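Visitor: The structure file input27.pdb (PDB, C-alpha atoms) is provided below.
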```pdb
ATOM      1  CA  MET A   1      10.218 -29.662  -3.011
ATOM      2  CA  ALA A   2      13.435 -28.026  -4.142
ATOM      3  CA  GLU A   3      12.402 -24.874  -2.358
ATOM      4  CA  GLN A   4      11.921 -26.796   0.863
ATOM      5  CA  ALA A   5      15.357 -28.349   0.546
ATOM      6  CA  GLN A   6      16.820 -24.886   0.038
ATOM      7  CA  GLN A   7      14.994 -23.527   3.051
ATOM      8  CA  ASN A   8      16.472 -26.229   5.226
ATOM      9  CA  SER A   9      20.058 -25.792   4.076
ATOM     10  CA  ALA A  10      22.860 -24.630   6.341
ATOM     11  CA  LEU A  11      23.152 -21.440   4.335
ATOM     12  CA  SER A  12      19.480 -20.597   4.773
ATOM     13  CA  ALA A  13      19.816 -21.201   8.501
ATOM     14  CA  ALA A  14      22.865 -18.922   8.654
ATOM     15  CA  VAL A  15      21.053 -16.250   6.633
ATOM     16  CA  ALA A  16      18.119 -16.430   9.038
ATOM     17  CA  ASP A  17      20.425 -16.155  12.069
ATOM     18  CA  VAL A  18      22.254 -13.118  10.736
ATOM     19  CA  ALA A  19      19.004 -11.467   9.577
ATOM     20  CA  ASN A  20      17.583 -11.988  13.046
ATOM     21  CA  GLY A  21      20.638 -10.398  14.653
ATOM     22  CA  VAL A  22      20.536  -7.390  12.332
ATOM     23  CA  ALA A  23      16.805  -6.877  12.954
ATOM     24  CA  LEU A  24      17.366  -7.014  16.725
ATOM     25  CA  ALA A  25      20.179  -4.491  16.425
ATOM     26  CA  LEU A  26      17.940  -2.182  14.387
ATOM     27  CA  ASP A  27      15.232  -2.513  17.022
ATOM     28  CA  GLY A  28      17.743  -1.594  19.713
ATOM     29  CA  GLU A  29      19.043   1.256  17.544
ATOM     30  CA  GLY A  30      22.308  -0.478  16.789
ATOM     31  CA  ASP A  31      24.355   0.794  19.688
ATOM     32  CA  SER A  32      26.506  -2.239  20.302
ATOM     33  CA  TYR A  33      26.183  -3.970  16.961
ATOM     34  CA  ALA A  34      28.989  -6.091  15.612
ATOM     35  CA  LEU A  35      28.502  -8.277  12.553
ATOM     36  CA  SER A  36      31.414 -10.472  13.540
ATOM     37  CA  ALA A  37      29.632 -11.293  16.801
ATOM     38  CA  LEU A  38      26.612 -12.589  14.865
ATOM     39  CA  LEU A  39      28.596 -15.124  12.887
ATOM     40  CA  ALA A  40      28.931 -18.405  14.675
ATOM     41  CA  GLN A  41      32.309 -18.850  13.074
ATOM     42  CA  GLU A  42      33.987 -17.279  10.133
ATOM     43  CA  ASP A  43      33.538 -20.206   7.846
ATOM     44  CA  THR A  44      32.441 -20.248   4.260
ATOM     45  CA  VAL A  45      28.768 -20.564   5.167
ATOM     46  CA  ALA A  46      28.839 -17.497   7.404
ATOM     47  CA  LEU A  47      30.551 -15.459   4.690
ATOM     48  CA  ALA A  48      28.003 -16.705   2.157
ATOM     49  CA  ALA A  49      25.223 -15.508   4.461
ATOM     50  CA  VAL A  50      26.821 -12.063   4.538
ATOM     51  CA  ARG A  51      26.909 -12.035   0.723
ATOM     52  CA  VAL A  52      23.235 -13.068   0.519
ATOM     53  CA  LEU A  53      22.029 -10.350   2.885
ATOM     54  CA  GLY A  54      24.257  -7.777   1.222
ATOM     55  CA  ALA A  55      24.268  -4.204   2.488
ATOM     56  CA  ASP A  56      21.731  -5.059   5.173
ATOM     57  CA  VAL A  57      24.446  -6.627   7.330
ATOM     58  CA  LEU A  58      25.763  -3.090   7.851
ATOM     59  CA  ALA A  59      22.357  -1.439   8.301
ATOM     60  CA  PRO A  60      22.831  -0.851  12.057
ATOM     61  CA  TYR A  61      25.930   1.212  11.246
ATOM     62  CA  ALA A  62      23.779   3.414   8.990
ATOM     63  CA  LEU A  63      21.469   4.014  11.929
ATOM     64  CA  ARG A  64      24.068   5.047  14.435
ATOM     65  CA  GLY A  65      27.421   4.465  12.910
ATOM     66  CA  ASP A  66      30.576   4.169  14.923
ATOM     67  CA  PRO A  67      33.116   3.273  12.238
ATOM     68  CA  ALA A  68      35.850   3.026  14.852
ATOM     69  CA  ARG A  69      34.220  -0.180  16.058
ATOM     70  CA  GLY A  70      33.819  -1.550  12.577
ATOM     71  CA  SER A  71      37.341  -2.541  11.646
ATOM     72  CA  THR A  72      36.690  -6.231  12.230
ATOM     73  CA  ASP A  73      33.368  -6.056  10.423
ATOM     74  CA  ARG A  74      35.010  -4.335   7.474
ATOM     75  CA  GLN A  75      37.364  -7.271   7.197
ATOM     76  CA  VAL A  76      34.469  -9.728   7.399
ATOM     77  CA  VAL A  77      32.676  -7.936   4.590
ATOM     78  CA  ARG A  78      35.794  -7.879   2.437
ATOM     79  CA  ARG A  79      36.319 -11.576   2.947
ATOM     80  CA  ALA A  80      32.710 -12.242   1.958
ATOM     81  CA  LEU A  81      33.114 -10.120  -1.175
ATOM     82  CA  ALA A  82      36.350 -11.889  -2.059
ATOM     83  CA  ALA A  83      34.901 -15.353  -1.422
ATOM     84  CA  TYR A  84      31.695 -14.859  -3.408
ATOM     85  CA  PRO A  85      32.265 -12.443  -6.294
ATOM     86  CA  PRO A  86      29.609 -12.429  -8.995
ATOM     87  CA  GLY A  87      30.469 -14.889 -11.735
ATOM     88  CA  ALA A  88      30.825 -14.103 -15.412
ATOM     89  CA  ASP A  89      27.189 -15.014 -16.005
ATOM     90  CA  ALA A  90      25.876 -13.446 -12.809
ATOM     91  CA  SER A  91      22.473 -11.830 -12.872
ATOM     92  CA  ASP A  92      21.926  -8.091 -12.528
ATOM     93  CA  VAL A  93      20.517  -8.731  -9.061
ATOM     94  CA  SER A  94      23.723 -10.434  -7.979
ATOM     95  CA  LEU A  95      25.834  -7.613  -9.412
ATOM     96  CA  TRP A  96      23.709  -4.934  -7.768
ATOM     97  CA  SER A  97      23.762  -6.731  -4.449
ATOM     98  CA  TYR A  98      27.544  -7.064  -4.599
ATOM     99  CA  ARG A  99      27.903  -3.406  -5.478
ATOM    100  CA  GLY A 100      25.532  -2.485  -2.654
ATOM    101  CA  LEU A 101      27.690  -4.306  -0.126
ATOM    102  CA  VAL A 102      30.805  -2.539  -1.444
ATOM    103  CA  GLU A 103      29.071   0.845  -1.238
ATOM    104  CA  ALA A 104      27.701   0.150   2.238
ATOM    105  CA  SER A 105      31.142  -0.794   3.476
ATOM    106  CA  ARG A 106      32.550   2.468   2.168
ATOM    107  CA  ALA A 107      29.643   4.602   3.353
ATOM    108  CA  PHE A 108      29.040   3.175   6.803
ATOM    109  CA  LEU A 109      32.483   1.864   7.689
ATOM    110  CA  PRO A 110      34.897   4.312   6.107
ATOM    111  CA  GLU A 111      38.523   3.454   6.497
ATOM    112  CA  THR A 112      40.279   5.573   9.067
ATOM    113  CA  GLY A 113      43.877   6.557   9.520
ATOM    114  CA  ALA A 114      44.164   3.792  12.096
ATOM    115  CA  ASP A 115      43.616   1.276   9.313
ATOM    116  CA  GLY A 116      46.669   2.561   7.557
ATOM    117  CA  VAL A 117      44.682   3.474   4.472
ATOM    118  CA  ASP A 118      43.590   6.879   3.371
ATOM    119  CA  GLY A 119      40.070   7.464   4.534
ATOM    120  CA  ALA A 120      39.148   9.462   1.457
ATOM    121  CA  ASP A 121      37.436   7.474  -1.237
ATOM    122  CA  GLY A 122      40.298   7.677  -3.612
ATOM    123  CA  GLY A 123      41.879   4.944  -5.577
ATOM    124  CA  GLY A 124      43.620   3.344  -2.633
ATOM    125  CA  ARG A 125      44.949  -0.022  -3.598
ATOM    126  CA  ASP A 126      44.956  -3.246  -1.740
ATOM    127  CA  GLY A 127      45.157  -1.843   1.753
ATOM    128  CA  GLU A 128      48.896  -1.388   1.690
ATOM    129  CA  GLY A 129      50.064  -1.349   5.267
ATOM    130  CA  GLY A 130      46.420  -1.662   6.375
ATOM    131  CA  GLU A 131      44.223  -4.608   7.155
ATOM    132  CA  PRO A 132      45.925  -7.853   6.335
ATOM    133  CA  GLY A 133      44.648  -9.398   3.146
ATOM    134  CA  ALA A 134      42.151  -6.602   2.706
ATOM    135  CA  GLU A 135      42.051  -5.910  -1.002
ATOM    136  CA  ARG A 136      39.772  -3.167  -2.168
ATOM    137  CA  PRO A 137      36.961  -5.016  -3.932
ATOM    138  CA  PRO A 138      36.057  -4.144  -7.503
ATOM    139  CA  GLU A 139      32.853  -2.248  -8.100
ATOM    140  CA  PRO A 140      30.840  -3.811 -10.914
ATOM    141  CA  ARG A 141      28.577  -1.697 -13.086
ATOM    142  CA  PRO A 142      25.344  -3.628 -13.441
ATOM    143  CA  GLY A 143      22.679  -2.695 -15.948
ATOM    144  CA  ASP A 144      19.732  -0.604 -14.844
ATOM    145  CA  ALA A 145      17.599  -0.470 -17.995
ATOM    146  CA  TRP A 146      15.154  -2.847 -16.333
ATOM    147  CA  VAL A 147      14.072  -0.063 -13.968
ATOM    148  CA  GLN A 148      12.451   1.677 -16.935
ATOM    149  CA  THR A 149      11.472  -1.296 -19.055
ATOM    150  CA  ASP A 150      10.314  -4.099 -16.751
ATOM    151  CA  PRO A 151       6.563  -4.603 -16.478
ATOM    152  CA  TRP A 152       5.325  -3.823 -12.976
ATOM    153  CA  PRO A 153       5.168  -7.405 -11.594
ATOM    154  CA  ALA A 154       8.764  -8.101 -12.663
ATOM    155  CA  LEU A 155       9.865  -4.682 -11.435
ATOM    156  CA  ALA A 156       8.398  -5.311  -7.996
ATOM    157  CA  HIS A 157      10.032  -8.733  -7.803
ATOM    158  CA  ARG A 158      13.443  -7.381  -8.705
ATOM    159  CA  ALA A 159      13.103  -4.317  -6.470
ATOM    160  CA  SER A 160      12.290  -6.570  -3.522
ATOM    161  CA  GLN A 161      15.400  -8.639  -4.203
ATOM    162  CA  LEU A 162      17.411  -5.426  -3.988
ATOM    163  CA  ALA A 163      15.650  -4.008  -0.934
ATOM    164  CA  ALA A 164      18.960  -3.704   0.936
ATOM    165  CA  LEU A 165      19.969  -0.984  -1.506
ATOM    166  CA  SER A 166      17.185   1.220  -0.165
ATOM    167  CA  LEU A 167      19.441   2.073   2.778
ATOM    168  CA  PRO A 168      20.421   5.750   2.855
ATOM    169  CA  SER A 169      23.081   6.907   0.396
ATOM    170  CA  LEU A 170      23.325   3.618  -1.492
ATOM    171  CA  ALA A 171      22.662   3.349  -5.234
ATOM    172  CA  PRO A 172      21.078   6.798  -5.639
ATOM    173  CA  ALA A 173      20.448   6.324  -9.373
ATOM    174  CA  LEU A 174      18.514   3.134  -8.704
ATOM    175  CA  ALA A 175      16.505   4.847  -5.975
ATOM    176  CA  VAL A 176      15.570   7.714  -8.279
ATOM    177  CA  GLY A 177      14.584   5.302 -11.050
ATOM    178  CA  LEU A 178      12.357   3.307  -8.721
ATOM    179  CA  ALA A 179      10.861   6.471  -7.219
ATOM    180  CA  ALA A 180       9.636   7.353 -10.698
ATOM    181  CA  ARG A 181       7.626   4.125 -10.677
ATOM    182  CA  THR A 182       6.012   4.441  -7.281
ATOM    183  CA  ASP A 183       2.590   3.449  -8.615
ATOM    184  CA  ASP A 184       4.022   0.272 -10.113
ATOM    185  CA  LEU A 185       5.746  -0.597  -6.846
ATOM    186  CA  ALA A 186       2.473  -0.007  -5.015
ATOM    187  CA  ARG A 187       0.733  -2.408  -7.401
ATOM    188  CA  GLY A 188       3.524  -4.902  -6.799
ATOM    189  CA  PHE A 189       3.116  -4.586  -3.040
ATOM    190  CA  VAL A 190      -0.583  -5.406  -3.259
ATOM    191  CA  ARG A 191       0.068  -8.257  -5.662
ATOM    192  CA  ALA A 192       2.716  -9.753  -3.360
ATOM    193  CA  VAL A 193       0.381  -9.549  -0.371
ATOM    194  CA  ARG A 194      -2.392 -11.245  -2.315
ATOM    195  CA  ARG A 195       0.025 -13.966  -3.383
ATOM    196  CA  ARG A 196       1.086 -14.300   0.244
ATOM    197  CA  ASP A 197       4.672 -13.655  -0.862
ATOM    198  CA  TRP A 198       5.605 -11.931   2.384
ATOM    199  CA  LEU A 199       9.307 -11.563   1.591
ATOM    200  CA  GLN A 200       8.581  -9.766  -1.667
ATOM    201  CA  ALA A 201       5.922  -7.576  -0.052
ATOM    202  CA  ALA A 202       8.288  -6.536   2.734
ATOM    203  CA  GLY A 203      11.102  -5.818   0.278
ATOM    204  CA  VAL A 204       8.901  -3.671  -1.958
ATOM    205  CA  GLY A 205       7.581  -1.957   1.160
ATOM    206  CA  ARG A 206      11.088  -0.793   2.004
ATOM    207  CA  TRP A 207      11.341   1.089  -1.276
ATOM    208  CA  LEU A 208       7.831   2.472  -0.857
ATOM    209  CA  VAL A 209       8.444   3.991   2.583
ATOM    210  CA  ARG A 210      11.114   6.148   0.957
ATOM    211  CA  ALA A 211       9.181   6.928  -2.199
ATOM    212  CA  PRO A 212       7.265  10.141  -2.775
ATOM    213  CA  ASP A 213       3.573  10.218  -3.571
ATOM    214  CA  VAL A 214       2.668   6.802  -2.224
ATOM    215  CA  PRO A 215      -1.126   6.622  -2.422
ATOM    216  CA  ASP A 216      -2.758   6.809   1.026
ATOM    217  CA  SER A 217      -5.222   4.163  -0.087
ATOM    218  CA  LEU A 218      -2.339   1.661  -0.095
ATOM    219  CA  GLY A 219      -2.262   1.619   3.716
ATOM    220  CA  LEU A 220       1.464   0.949   3.640
ATOM    221  CA  ALA A 221       2.207   1.195   7.366
ATOM    222  CA  ALA A 222      -0.626  -1.141   8.333
ATOM    223  CA  GLY A 223       0.261  -3.356   5.396
ATOM    224  CA  LEU A 224       3.808  -3.831   6.614
ATOM    225  CA  VAL A 225       2.574  -4.748  10.098
ATOM    226  CA  PHE A 226       0.222  -7.262   8.498
ATOM    227  CA  VAL A 227       3.000  -8.705   6.348
ATOM    228  CA  ARG A 228       5.285  -9.102   9.346
ATOM    229  CA  ARG A 229       2.617 -10.876  11.345
ATOM    230  CA  MET A 230       1.463 -13.133   8.530
ATOM    231  CA  SER A 231       5.024 -14.205   7.731
ATOM    232  CA  GLY A 232       5.220 -15.917  11.095
ATOM    233  CA  SER A 233       8.156 -13.686  12.014
ATOM    234  CA  ASP A 234      10.325 -14.933   9.171
ATOM    235  CA  PRO A 235      13.723 -13.332  10.035
ATOM    236  CA  ARG A 236      14.248 -11.840   6.565
ATOM    237  CA  VAL A 237      10.749 -10.369   6.529
ATOM    238  CA  VAL A 238      11.254  -8.988  10.038
ATOM    239  CA  LEU A 239      14.553  -7.453   8.913
ATOM    240  CA  HIS A 240      12.835  -5.725   5.981
ATOM    241  CA  THR A 241       9.901  -4.423   8.022
ATOM    242  CA  THR A 242      12.170  -3.220  10.830
ATOM    243  CA  ALA A 243      14.434  -1.444   8.345
ATOM    244  CA  ALA A 244      11.353   0.120   6.734
ATOM    245  CA  GLN A 245      10.428   1.551  10.134
ATOM    246  CA  ARG A 246      13.932   2.725  10.931
ATOM    247  CA  PHE A 247      14.724   4.353   7.603
ATOM    248  CA  PRO A 248      11.542   6.130   6.527
ATOM    249  CA  GLY A 249      11.709   8.820   3.876
ATOM    250  CA  GLY A 250      14.743  10.962   3.399
ATOM    251  CA  GLY A 251      15.751   9.509   0.089
ATOM    252  CA  PRO A 252      18.144  11.233  -2.262
ATOM    253  CA  TRP A 253      15.367  12.685  -4.465
TER     254      TRP A 253
ATOM    255  CA  MET B   1      43.259 -34.150   3.661
ATOM    256  CA  ALA B   2      39.667 -35.005   2.865
ATOM    257  CA  THR B   3      38.655 -31.555   4.037
ATOM    258  CA  GLU B   4      41.194 -29.935   1.716
ATOM    259  CA  LEU B   5      39.899 -31.931  -1.218
ATOM    260  CA  THR B   6      36.244 -31.203  -0.582
ATOM    261  CA  ALA B   7      36.601 -27.531   0.321
ATOM    262  CA  PRO B   8      36.634 -26.179  -3.274
ATOM    263  CA  VAL B   9      33.626 -28.321  -4.130
ATOM    264  CA  GLU B  10      31.741 -27.040  -1.097
ATOM    265  CA  THR B  11      32.646 -23.447  -1.924
ATOM    266  CA  ALA B  12      31.473 -23.861  -5.509
ATOM    267  CA  ALA B  13      28.206 -25.361  -4.312
ATOM    268  CA  LEU B  14      27.786 -22.541  -1.827
ATOM    269  CA  ALA B  15      28.494 -19.965  -4.530
ATOM    270  CA  ALA B  16      25.744 -21.483  -6.639
ATOM    271  CA  GLU B  17      23.403 -21.451  -3.655
ATOM    272  CA  VAL B  18      24.261 -17.815  -2.980
ATOM    273  CA  GLU B  19      23.349 -16.935  -6.564
ATOM    274  CA  GLY B  20      20.139 -18.906  -6.209
ATOM    275  CA  LEU B  21      19.133 -17.089  -3.045
ATOM    276  CA  LEU B  22      20.048 -13.694  -4.472
ATOM    277  CA  ASP B  23      18.108 -14.125  -7.700
ATOM    278  CA  SER B  24      15.393 -16.545  -6.695
ATOM    279  CA  ALA B  25      12.395 -17.007  -8.940
ATOM    280  CA  GLU B  26       9.002 -15.927  -7.765
ATOM    281  CA  PRO B  27       7.147 -18.756  -6.079
ATOM    282  CA  GLU B  28       4.486 -20.296  -8.243
ATOM    283  CA  GLY B  29       1.093 -19.000  -7.357
ATOM    284  CA  ILE B  30      -2.381 -18.744  -8.731
ATOM    285  CA  TYR B  31      -3.641 -15.215  -8.728
ATOM    286  CA  ARG B  32      -7.400 -15.177  -8.346
ATOM    287  CA  ASP B  33      -9.532 -12.142  -8.842
ATOM    288  CA  THR B  34     -11.981 -11.887  -5.953
ATOM    289  CA  ARG B  35     -14.710 -10.424  -8.161
ATOM    290  CA  GLU B  36     -14.398 -13.307 -10.602
ATOM    291  CA  CYS B  37     -14.535 -15.818  -7.737
ATOM    292  CA  GLY B  38     -17.605 -14.051  -6.326
ATOM    293  CA  GLY B  39     -19.295 -14.140  -9.701
ATOM    294  CA  GLY B  40     -18.591 -17.851 -10.029
ATOM    295  CA  LEU B  41     -20.009 -18.571  -6.586
ATOM    296  CA  LEU B  42     -23.141 -16.541  -7.324
ATOM    297  CA  LEU B  43     -23.704 -18.422 -10.563
ATOM    298  CA  ALA B  44     -23.285 -21.768  -8.813
ATOM    299  CA  ALA B  45     -25.706 -20.716  -6.070
ATOM    300  CA  LEU B  46     -28.296 -19.586  -8.599
ATOM    301  CA  LEU B  47     -28.040 -22.895 -10.431
ATOM    302  CA  LEU B  48     -28.512 -24.833  -7.188
ATOM    303  CA  ILE B  49     -31.584 -22.962  -6.028
ATOM    304  CA  SER B  50     -33.238 -22.716  -9.413
ATOM    305  CA  PRO B  51     -36.507 -24.668  -9.780
ATOM    306  CA  PRO B  52     -36.392 -27.887 -11.725
ATOM    307  CA  THR B  53     -36.993 -27.816 -15.423
ATOM    308  CA  PRO B  54     -40.712 -28.307 -16.105
ATOM    309  CA  ARG B  55     -41.404 -31.574 -17.794
ATOM    310  CA  ALA B  56     -44.341 -32.564 -19.889
ATOM    311  CA  PRO B  57     -46.904 -34.603 -17.912
ATOM    312  CA  LYS B  58     -46.859 -38.275 -18.658
ATOM    313  CA  THR B  59     -49.828 -39.461 -20.628
ATOM    314  CA  ASP B  60     -50.832 -43.115 -20.492
ATOM    315  CA  ALA B  61     -51.093 -44.665 -23.908
ATOM    316  CA  ARG B  62     -54.213 -46.742 -23.799
TER     317      ARG B  62
END
```
Can the structure from this file be put into C-alpha cells for me?
Guide:
Amino acid sequence: MAEQAQQNSALSAAVADVANGVALALDGEGDSYALSALLAQEDTVALAAVRVLGADVLAPYALRGDPARGSTDRQVVRRALAAYPPGADASDVSLWSYRGLVEASRAFLPETGADGVDGADGGGRDGEGGEPGAERPPEPRPGDAWVQTDPWPALAHRASQLAALSLPSLAPALAVGLAARTDDLARGFVRAVRRRDWLQAAGVGRWLVRAPDVPDSLGLAAGLVFVRRMSGSDPRVVLHTTAAQRFPGGGPW
Amino acid sequence: MATELTAPVETAALAAEVEGLLDSAEPEGIYRDTRECGGGLLLAALLLISPPTPRAPKTDAR
C-alpha cells in the first residue's frame, strides 16, 4: 500500500519523466540532449528527480559529450546537489549516488574557461567569477566494505541501486570490486528475474554487461530484452536496459 | 505567505522521499524453487490417482 502511494507521488512521476527523456536521448545517441529541457520547471520536485536518478541524468553526455552545451545542465545538477545533500544518517547508497552525480558532472561536463573557472580538476572554490551561486559540491567518501562482505542477494540489490555508477569513468574502485564478484551478480540477476523485480534485474544487468567472464549460460543480452518487455516499459527499467546497450564493456579493469 | 511557510516542510518531505527512493527496500516476495514445486505437484497427483485403501469385507453377524 505504501509502495503504491510512493509510486503515485509527484516525485515518482517526475523521476519517470526524466528517466524517459534520458532513455530517448540515449536511443538517439544524445546529440541534442539537454537535461534542463526535460524538467518541466526547475522546482524542488524536478531537482529531487535529478538527485534520485543521479549520474544517469548526464549519461547522454558520456555517449557523445559536448560540454560547451552543458553549462545550464551543470547548474541544474549543482542546484540538485545543493538542495538534496545526504543527511548525517544517510545510507551508503545515498552517499555513493551523490558522489556519482558529482563525478559525472566533472567527467562529462567539465568546466571550461568560458565558465570563469579553471577547467582542471583542481581545488577551485565556489565558482568565483563563474556560474552564479555555483558552489563546488563536497565529495563524500562512502564506505565500500560491503562490496567484499555482503552476501550475494544483498550485493545484487545494492549494486542495482547504484547502477548509474556503471557509466564509464565513474567510481572505478567500486567497478573493480564488483567485477571481482561477477558470479554473485549473475546469481543476483537470475534471482531478480525470478522475483519479477525488473528494476533490480536491469540495474544488475548494467554492471554485468561491463564485467569480465560473465557466464554465457546467463543469456544476459536476451535476459535484458526480456526484462525490458516484462516491465511494461517502466521508464527506469528502460533507462537501465538502454544504457546497458549503449555502454557495453570497456570498463576500467 | 502560505507558500513561504510550507516550502521548508515540503522540501524536508521531499528529501525524505529522495532517500527512500535511493535506498528502497527489496519488495517482499516469495521465492519458490521450481523443482520443489514440481515435486509437490507430483506427490499430490500420485495421492489423487492412487487406488483406495482396501477395506476388510463386511461380515453379517447372525
Visitor: Any chance you could work out the residue set of the ChimeraX specification (/B :<7) & /A here, as a ChimeraX atom specification?
Guide: /A:44,48,52,84,93-94,161,195
Visitor: Selection in question (the file shown): the PyMOL selection byres ((chain A and resi 108) around 9). Which residues does it include, as JSON, numbers by chain?
Guide: {"A": [58, 59, 61, 62, 65, 66, 67, 70, 103, 104, 105, 106, 107, 109, 110]}
Visitor: Go ahead and compute the interatomic distance for CA of Pro212 in chain A and CA of Val238 in chain A, in Å to one decimal.
Guide: 23.4 Å
Visitor: So which one's closest to Trp198 in chain A, A:Asp92, A:Asp43, A:Glu139, A:Asp234? Using all atoms listed in the file, please.
Guide: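 For Trp198 in chain A, the nearest of the given residues is A:Asp234.
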Visitor: Taking (23.2, -10.8, 3.7) in the file's coordinates as the center, which residues reach within 12 Å of it, counting only C-alpha atoms, put as a VMD selection string?
Guide: (chain A and resid 11 to 23 35 38 to 39 45 to 59 76 to 77 80 to 81 84 94 97 to 98 100 to 101 104 161 to 165 235 to 236 239 to 240) or (chain B and resid 18 to 19 21 to 22)
Visitor: Neighbouring residues of Ser160 in chain A were defined as those with any atom within 9 Å, considering all atoms listed in the file; residues of the same chain fewer than 6 positions away were excluded. Please report them as a list in words.
Guide: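 Those residues are Leu199, Gln200, Ala201, Ala202, Gly203, Val204, Gly205, Arg206 and Trp207 of chain A.
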Visitor: Rounded to one decimal in Å, what is the spacing between CA of Leu95 in chain A and CA of Pro142 in chain A?
Guide: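 Atom-to-atom, CA of Leu95 in chain A to CA of Pro142 in chain A, that is 5.7 Å.
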Visitor: What does the structure give for the distance between CA of Val102 in chain A and CA of Gly143 in chain A, in Å to one decimal?
Guide: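 Straight-line distance from CA of Val102 in chain A to CA of Gly143 in chain A works out to 16.6 Å.
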Visitor: Edge lengths and centre in Å to one decimal, as lines of an AutoDock Vina configuration file, is what I'm after for the box along x, y and z that holds all listed atoms of range 41-59 of chain B once 4 Å is added on each side.
Guide:
```
center_x = -34.9
center_y = -28.0
center_z = -13.3
size_x = 37.8
size_y = 30.9
size_z = 22.6
```
